[in-house]
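J.: I am attaching a structure below and will ask some questions about it afterwards.
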Amino acid sequence: MIRYGTWSPYPGNGAFLLAVTLLIIAGVFVFLGTRLHRPAGVAKPGRTVGIFLMVIWFLSLATFAIAVGTYVSALYEQVGPVTLPTSPISPVTDLSILVAFIMIAYLSRHHGLMTALGSAIVGTVAAPLIFELPFDLIVMGRTYPPTPATQYTLLFFLPLFLLEIASFSLLTLSPLTKLSKYTLFSLGAMFFVFAIWALFVFSYPSSPIPFAFNAVSKVLSFVAAITLFLPSQE
């Protein structure tokens, strides 16, 4: 029986190739981390560009919401009422969101209340999507969309990718955002966990082993977001 809201695991050779690819990406991030000796700051956009970025983010969110509604309506018409499974990873995500918000606000506390809260907001918005962007690229071809499958897969994922990229752009609104070696090491660790998960066919986290891989890689994405706001070490 198809469980909508899940994805199918990778076959043997596909899982191995995916694991190798992810391991190479992890290695690239670790290598770049060893070469980055000083944090790289992000240029803060002007007021006009900042407003434009926020408008793009809201439009991306609205577009994705419309795409989801269309996707679900098509699924209902083709297969009838669908009960989506409860995400077993949601408690991990929810707790990580809370911890990341508090940590980023704390790290930014010396720069004023508005800067601390703004940094915490944009950092917490981006944090789960650091995980989500590569994850979506991995599973988008393994889901169970309505037919025609290609059309509805693109309808769902392309607006999601746009929303993810728009969310990352909001990080530039904080004057405290900096790319450090710790960010790159965290991303390398996340992709390394992805690679090990791929060796276990990158299956849905309905059993302990894939759940552990999903949870650890999700937490590492939040760690990566927090490291963007580490204070400079003089």
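Here, A, B, ... name the chains of the structure tokens in the order displayed, residue numbers run from 1 inside each chain, and ligands are numbered from 1 in the same displayed order.
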Residues at most 12 Å from Phe161 of chain A, counting only C-alpha atoms, excluding those fewer than 6 positions away in the same chain, as a PyMOL selection string?
T.: chain A and resi 57+60-61+63-64+129-130+132-137+140+153-155+167-168
J.: Give me the residues within 9 Å of Phe156 of chain A as a PDB file with C-alpha atoms, in the first residue's frame, counting only C-alpha atoms and dropping any in the same chain fewer than 3 places off.
T.:
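out_35.pdb, freshly written:
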ATOM      1  CA  PHE A  64       4.368  27.107  -2.424  1.00  0.00           C
ATOM      2  CA  ALA A  67       1.196  24.519  -5.201  1.00  0.00           C
ATOM      3  CA  VAL A  68       0.592  22.310  -2.163  1.00  0.00           C
ATOM      4  CA  THR A  70      -3.204  22.052  -6.060  1.00  0.00           C
ATOM      5  CA  TYR A  71      -1.095  18.937  -5.432  1.00  0.00           C
ATOM      6  CA  GLN A 151       4.355  17.625 -13.763  1.00  0.00           C
ATOM      7  CA  TYR A 152       3.144  17.346 -10.173  1.00  0.00           C
ATOM      8  CA  THR A 153       6.607  16.613  -8.807  1.00  0.00           C
ATOM      9  CA  PRO A 159       8.262  26.448  -5.525  1.00  0.00           C
ATOM     10  CA  LEU A 160       9.759  24.719  -2.480  1.00  0.00           C
TER      11      LEU A 160
END
J.: Please give the complete set of residues from segment 1-214 of chain A that DSSP, run on the backbone, assigns to strand (DSSP E or B), formatted as a ChimeraX atom specification.
T.: /A:40-41,178-179
J.: I want to know what sits within 6 Å of segment 192-207 of chain A, based on only C-alpha atoms, with residues of the same chain fewer than 6 positions away left out; could you give that as a list in words?
T.: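 So the residues in contact are Pro9, Tyr10, Ala15, Ala19, Leu22, Leu23, Ala26, Phe213 and Ser217 of chain A.
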J.: Just to be explicit: take each residue in the selection above, keep C-alpha atoms, and write the result as a compact mmCIF listing (two decimals), in the first residue's frame.
T.:
# COMPACT_ATOMS: atom_id res chain seq x y z
CA PRO A 9 13.99 3.78 -0.63
CA TYR A 10 16.82 3.75 -3.13
CA ALA A 15 21.91 3.81 -2.87
CA ALA A 19 26.26 7.51 -0.75
CA LEU A 22 27.13 12.62 -0.64
CA LEU A 23 30.45 11.52 0.82
CA ALA A 26 30.91 16.10 2.71
CA PHE A 213 20.07 9.34 10.66
CA SER A 217 21.32 15.25 10.16
J.: Between A:Ile24, A:Leu113, A:Ala40, A:Leu170, which residue has the minimum interatomic distance to Met54 of chain A, considering only C-alpha atoms?
T.: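 Looking at the shortest contact to Met54 of chain A, the residue is A:Leu170.
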J.: Write out, as a Markdown table, each residue of segment 42-156 of chain A that has an atom at most 10 Å from segment 218-232 of chain A, together with the closest pair of atoms and their distance in Å to one decimal, counting only C-alpha atoms, rows going by chain and rising number.
T.:
| residue | atom | partner | partner_atom | distance |
| --- | --- | --- | --- | --- |
| A:Ile89 | CA | A:Lys218 | CA | 8.8 |
| A:Val92 | CA | A:Val219 | CA | 7.7 |
| A:Thr93 | CA | A:Lys218 | CA | 7.1 |
| A:Leu95 | CA | A:Val219 | CA | 9.5 |
| A:Ser96 | CA | A:Val219 | CA | 6.5 |
| A:Ile97 | CA | A:Phe222 | CA | 7.7 |
| A:Val99 | CA | A:Phe222 | CA | 8.8 |
| A:Ala100 | CA | A:Ile226 | CA | 6.3 |
| A:Phe101 | CA | A:Ile226 | CA | 8.6 |
| A:Ile102 | CA | A:Ile226 | CA | 9.9 |
| A:Met103 | CA | A:Ile226 | CA | 7.0 |
| A:Ile104 | CA | A:Ile226 | CA | 5.9 |
| A:Ala105 | CA | A:Phe229 | CA | 9.1 |
| A:Tyr106 | CA | A:Phe229 | CA | 9.8 |
| A:Leu107 | CA | A:Leu230 | CA | 6.5 |
| A:Ser108 | CA | A:Phe229 | CA | 7.2 |
| A:His110 | CA | A:Pro231 | CA | 9.9 |
| A:Ala116 | CA | A:Phe229 | CA | 10.0 |
| A:Ser119 | CA | A:Phe229 | CA | 8.0 |
| A:Ala120 | CA | A:Ile226 | CA | 9.0 |
| A:Val122 | CA | A:Ala225 | CA | 9.6 |
| A:Gly123 | CA | A:Ala225 | CA | 6.0 |
| A:Thr124 | CA | A:Ala225 | CA | 7.5 |
| A:Val125 | CA | A:Ala225 | CA | 9.4 |
| A:Ala126 | CA | A:Ala225 | CA | 7.1 |
| A:Ala127 | CA | A:Phe222 | CA | 4.9 |
| A:Pro128 | CA | A:Ser221 | CA | 6.3 |
| A:Leu129 | CA | A:Ser221 | CA | 7.9 |
| A:Ile130 | CA | A:Ser221 | CA | 5.5 |
| A:Phe131 | CA | A:Ser221 | CA | 5.3 |
| A:Glu132 | CA | A:Lys218 | CA | 8.5 |
| A:Phe135 | CA | A:Lys218 | CA | 9.9 |
J.: Using the selection just defined, write its residues with N, CA and C atoms as an mmCIF file, in the first residue's frame.
T.:
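The resulting selection-v3.cif:
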data_model
loop_
_atom_site.group_PDB
_atom_site.id
_atom_site.type_symbol
_atom_site.label_atom_id
_atom_site.label_comp_id
_atom_site.auth_asym_id
_atom_site.auth_seq_id
_atom_site.Cartn_x
_atom_site.Cartn_y
_atom_site.Cartn_z
ATOM 1 N N ILE A 89 9.751 12.740 12.873
ATOM 2 C CA ILE A 89 10.879 13.619 13.162
ATOM 3 C C ILE A 89 10.419 14.996 13.641
ATOM 4 N N VAL A 92 11.758 16.416 16.999
ATOM 5 C CA VAL A 92 13.164 16.812 16.912
ATOM 6 C C VAL A 92 13.270 18.184 16.250
ATOM 7 N N THR A 93 12.511 18.377 15.181
ATOM 8 C CA THR A 93 12.532 19.653 14.481
ATOM 9 C C THR A 93 12.030 20.776 15.375
ATOM 10 N N LEU A 95 11.905 20.996 18.672
ATOM 11 C CA LEU A 95 12.849 21.309 19.750
ATOM 12 C C LEU A 95 14.070 22.036 19.202
ATOM 13 N N SER A 96 14.537 21.633 18.022
ATOM 14 C CA SER A 96 15.701 22.280 17.410
ATOM 15 C C SER A 96 15.405 23.736 17.069
ATOM 16 N N ILE A 97 14.186 24.004 16.606
ATOM 17 C CA ILE A 97 13.785 25.381 16.296
ATOM 18 C C ILE A 97 13.861 26.245 17.553
ATOM 19 N N VAL A 99 15.583 25.713 20.370
ATOM 20 C CA VAL A 99 16.966 25.846 20.839
ATOM 21 C C VAL A 99 17.750 26.801 19.951
ATOM 22 N N ALA A 100 17.570 26.688 18.628
ATOM 23 C CA ALA A 100 18.304 27.557 17.709
ATOM 24 C C ALA A 100 17.917 29.014 17.903
ATOM 25 N N PHE A 101 16.626 29.279 18.062
ATOM 26 C CA PHE A 101 16.179 30.666 18.270
ATOM 27 C C PHE A 101 16.824 31.243 19.530
ATOM 28 N N ILE A 102 16.790 30.483 20.608
ATOM 29 C CA ILE A 102 17.352 30.965 21.871
ATOM 30 C C ILE A 102 18.860 31.159 21.749
ATOM 31 N N MET A 103 19.537 30.208 21.128
ATOM 32 C CA MET A 103 20.999 30.287 21.009
ATOM 33 C C MET A 103 21.436 31.475 20.156
ATOM 34 N N ILE A 104 20.766 31.684 19.018
ATOM 35 C CA ILE A 104 21.151 32.788 18.132
ATOM 36 C C ILE A 104 20.865 34.130 18.809
ATOM 37 N N ALA A 105 19.717 34.226 19.473
ATOM 38 C CA ALA A 105 19.397 35.462 20.198
ATOM 39 C C ALA A 105 20.438 35.721 21.291
ATOM 40 N N TYR A 106 20.853 34.669 21.972
ATOM 41 C CA TYR A 106 21.859 34.812 23.039
ATOM 42 C C TYR A 106 23.210 35.254 22.465
ATOM 43 N N LEU A 107 23.621 34.631 21.360
ATOM 44 C CA LEU A 107 24.904 34.984 20.757
ATOM 45 C C LEU A 107 24.901 36.423 20.226
ATOM 46 N N SER A 108 23.709 36.941 19.907
ATOM 47 C CA SER A 108 23.594 38.279 19.316
ATOM 48 C C SER A 108 23.216 39.343 20.331
ATOM 49 N N HIS A 110 24.607 41.215 22.505
ATOM 50 C CA HIS A 110 25.383 42.438 22.723
ATOM 51 C C HIS A 110 25.161 43.480 21.632
ATOM 52 N N ALA A 116 19.299 41.216 17.783
ATOM 53 C CA ALA A 116 19.289 39.859 18.323
ATOM 54 C C ALA A 116 18.045 39.104 17.871
ATOM 55 N N SER A 119 18.140 38.526 14.014
ATOM 56 C CA SER A 119 19.088 37.461 13.680
ATOM 57 C C SER A 119 18.515 36.101 14.046
ATOM 58 N N ALA A 120 17.852 36.018 15.206
ATOM 59 C CA ALA A 120 17.258 34.752 15.635
ATOM 60 C C ALA A 120 16.159 34.318 14.679
ATOM 61 N N VAL A 122 15.736 35.177 11.309
ATOM 62 C CA VAL A 122 16.210 34.736 9.992
ATOM 63 C C VAL A 122 17.040 33.467 10.106
ATOM 64 N N GLY A 123 17.794 33.327 11.213
ATOM 65 C CA GLY A 123 18.575 32.113 11.405
ATOM 66 C C GLY A 123 17.704 30.895 11.615
ATOM 67 N N THR A 124 16.618 31.069 12.361
ATOM 68 C CA THR A 124 15.723 29.943 12.635
ATOM 69 C C THR A 124 14.899 29.581 11.413
ATOM 70 N N VAL A 125 14.571 30.570 10.586
ATOM 71 C CA VAL A 125 13.860 30.284 9.335
ATOM 72 C C VAL A 125 14.747 29.463 8.405
ATOM 73 N N ALA A 126 16.013 29.837 8.319
ATOM 74 C CA ALA A 126 16.922 29.156 7.390
ATOM 75 C C ALA A 126 17.368 27.788 7.889
ATOM 76 N N ALA A 127 17.437 27.609 9.203
ATOM 77 C CA ALA A 127 18.058 26.402 9.771
ATOM 78 C C ALA A 127 17.483 25.094 9.244
ATOM 79 N N PRO A 128 16.158 24.852 9.320
ATOM 80 C CA PRO A 128 15.663 23.558 8.837
ATOM 81 C C PRO A 128 15.808 23.391 7.334
ATOM 82 N N LEU A 129 15.888 24.513 6.621
ATOM 83 C CA LEU A 129 15.986 24.438 5.164
ATOM 84 C C LEU A 129 17.397 24.112 4.705
ATOM 85 N N ILE A 130 18.384 24.301 5.603
ATOM 86 C CA ILE A 130 19.737 23.823 5.300
ATOM 87 C C ILE A 130 19.706 22.308 5.129
ATOM 88 N N PHE A 131 18.912 21.654 5.954
ATOM 89 C CA PHE A 131 18.671 20.211 5.804
ATOM 90 C C PHE A 131 17.771 19.946 4.614
ATOM 91 N N GLU A 132 16.720 20.747 4.479
ATOM 92 C CA GLU A 132 15.640 20.432 3.551
ATOM 93 C C GLU A 132 16.057 20.507 2.090
ATOM 94 N N PHE A 135 17.985 17.412 1.078
ATOM 95 C CA PHE A 135 17.053 16.304 1.294
ATOM 96 C C PHE A 135 16.000 16.249 0.193
#
J.: As a PyMOL selection string, which residues of segment 69-164 of chain A does DSSP assign to helix (DSSP H, G or I)?
T.: chain A and resi 69-79+90-107+109-111+113-139+149-164
J.: What is the atom CA of Phe29 of chain A-atom CA of Leu17 of chain A distance in Å, reported with one decimal?
T.: 18.7 Å
J.: Choose the residue, out of A:Leu173, A:Leu184, A:Ala74, A:Ile165, that has the smallest atom-to-atom separation from Ile25 of chain A; count only C-alpha atoms.
T.: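 Nearest candidate to Ile25 of chain A out of A:Leu173, A:Leu184, A:Ala74, A:Ile165: A:Leu184.
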J.: I'd like to know which of A:Leu171, A:Ala212, A:Leu163, A:Leu75 is closest to Ala62 of chain A, using only C-alpha atoms.
T.: A:Leu163
J.: Which one of A:Pro210, A:Pro175, A:Pro81, A:Gly141 sits closest to Ser8 of chain A if you count only C-alpha atoms?
T.: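 Of A:Pro210, A:Pro175, A:Pro81, A:Gly141, the one nearest Ser8 of chain A is A:Gly141, counting only C-alpha atoms.
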J.: Excluding Val30 of chain A and its own-chain neighbours fewer than 6 positions away, which residues fall within 9 Å of it when counting only C-alpha atoms? Please give them as JSON, numbers by chain.
T.: {"A": [181, 184, 185, 186, 187, 188, 189]}
J.: Take the residues that were just selected and, keeping N, CA and C atoms, output them as a short mmCIF file (atom, residue, chain, number, x, y, z; two decimals), in the first residue's frame.
T.:
data_model
loop_
_atom_site.label_atom_id
_atom_site.label_comp_id
_atom_site.auth_asym_id
_atom_site.auth_seq_id
_atom_site.Cartn_x
_atom_site.Cartn_y
_atom_site.Cartn_z
N LYS A 181 34.54 28.39 9.51
CA LYS A 181 34.94 26.99 9.31
C LYS A 181 34.02 26.04 10.07
N LEU A 184 31.10 25.23 7.85
CA LEU A 184 31.47 24.27 6.81
C LEU A 184 31.66 22.87 7.39
N PHE A 185 32.26 22.78 8.58
CA PHE A 185 32.42 21.47 9.22
C PHE A 185 31.05 20.87 9.56
N SER A 186 30.12 21.71 10.02
CA SER A 186 28.78 21.22 10.36
C SER A 186 28.06 20.71 9.12
N LEU A 187 28.22 21.44 8.00
CA LEU A 187 27.61 20.99 6.75
C LEU A 187 28.26 19.69 6.27
N GLY A 188 29.58 19.59 6.43
CA GLY A 188 30.26 18.35 6.07
C GLY A 188 29.76 17.19 6.89
N ALA A 189 29.55 17.41 8.20
CA ALA A 189 29.04 16.35 9.06
C ALA A 189 27.63 15.95 8.66
#
J.: Return the single residue from A:Pro11, A:Gly33, A:Pro39, A:Gly50 that is closest to Ser169 of chain A, with distances computed using only C-alpha atoms.
T.: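 The answer is A:Gly50, which sits nearest to Ser169 of chain A.
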J.: From the list A:Gly46, A:Gly118, A:Pro145, A:Gly112, which residue is nearest Thr6 of chain A when using only C-alpha atoms?
T.: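 With only C-alpha atoms as the atom set, the closest residue is A:Pro145.
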J.: State, in Å with one decimal place, the distance from atom CA of Val216 of chain A to atom CA of Leu176 of chain A.
T.: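 Interatomic distance here is 26.2 Å.
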J.: Expressed in Å to a single decimal, how great is the separation between atom CA of Val79 of chain A and atom CA of Gly5 of chain A?
T.: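 Between atom CA of Val79 of chain A and atom CA of Gly5 of chain A the gap is 13.6 Å.
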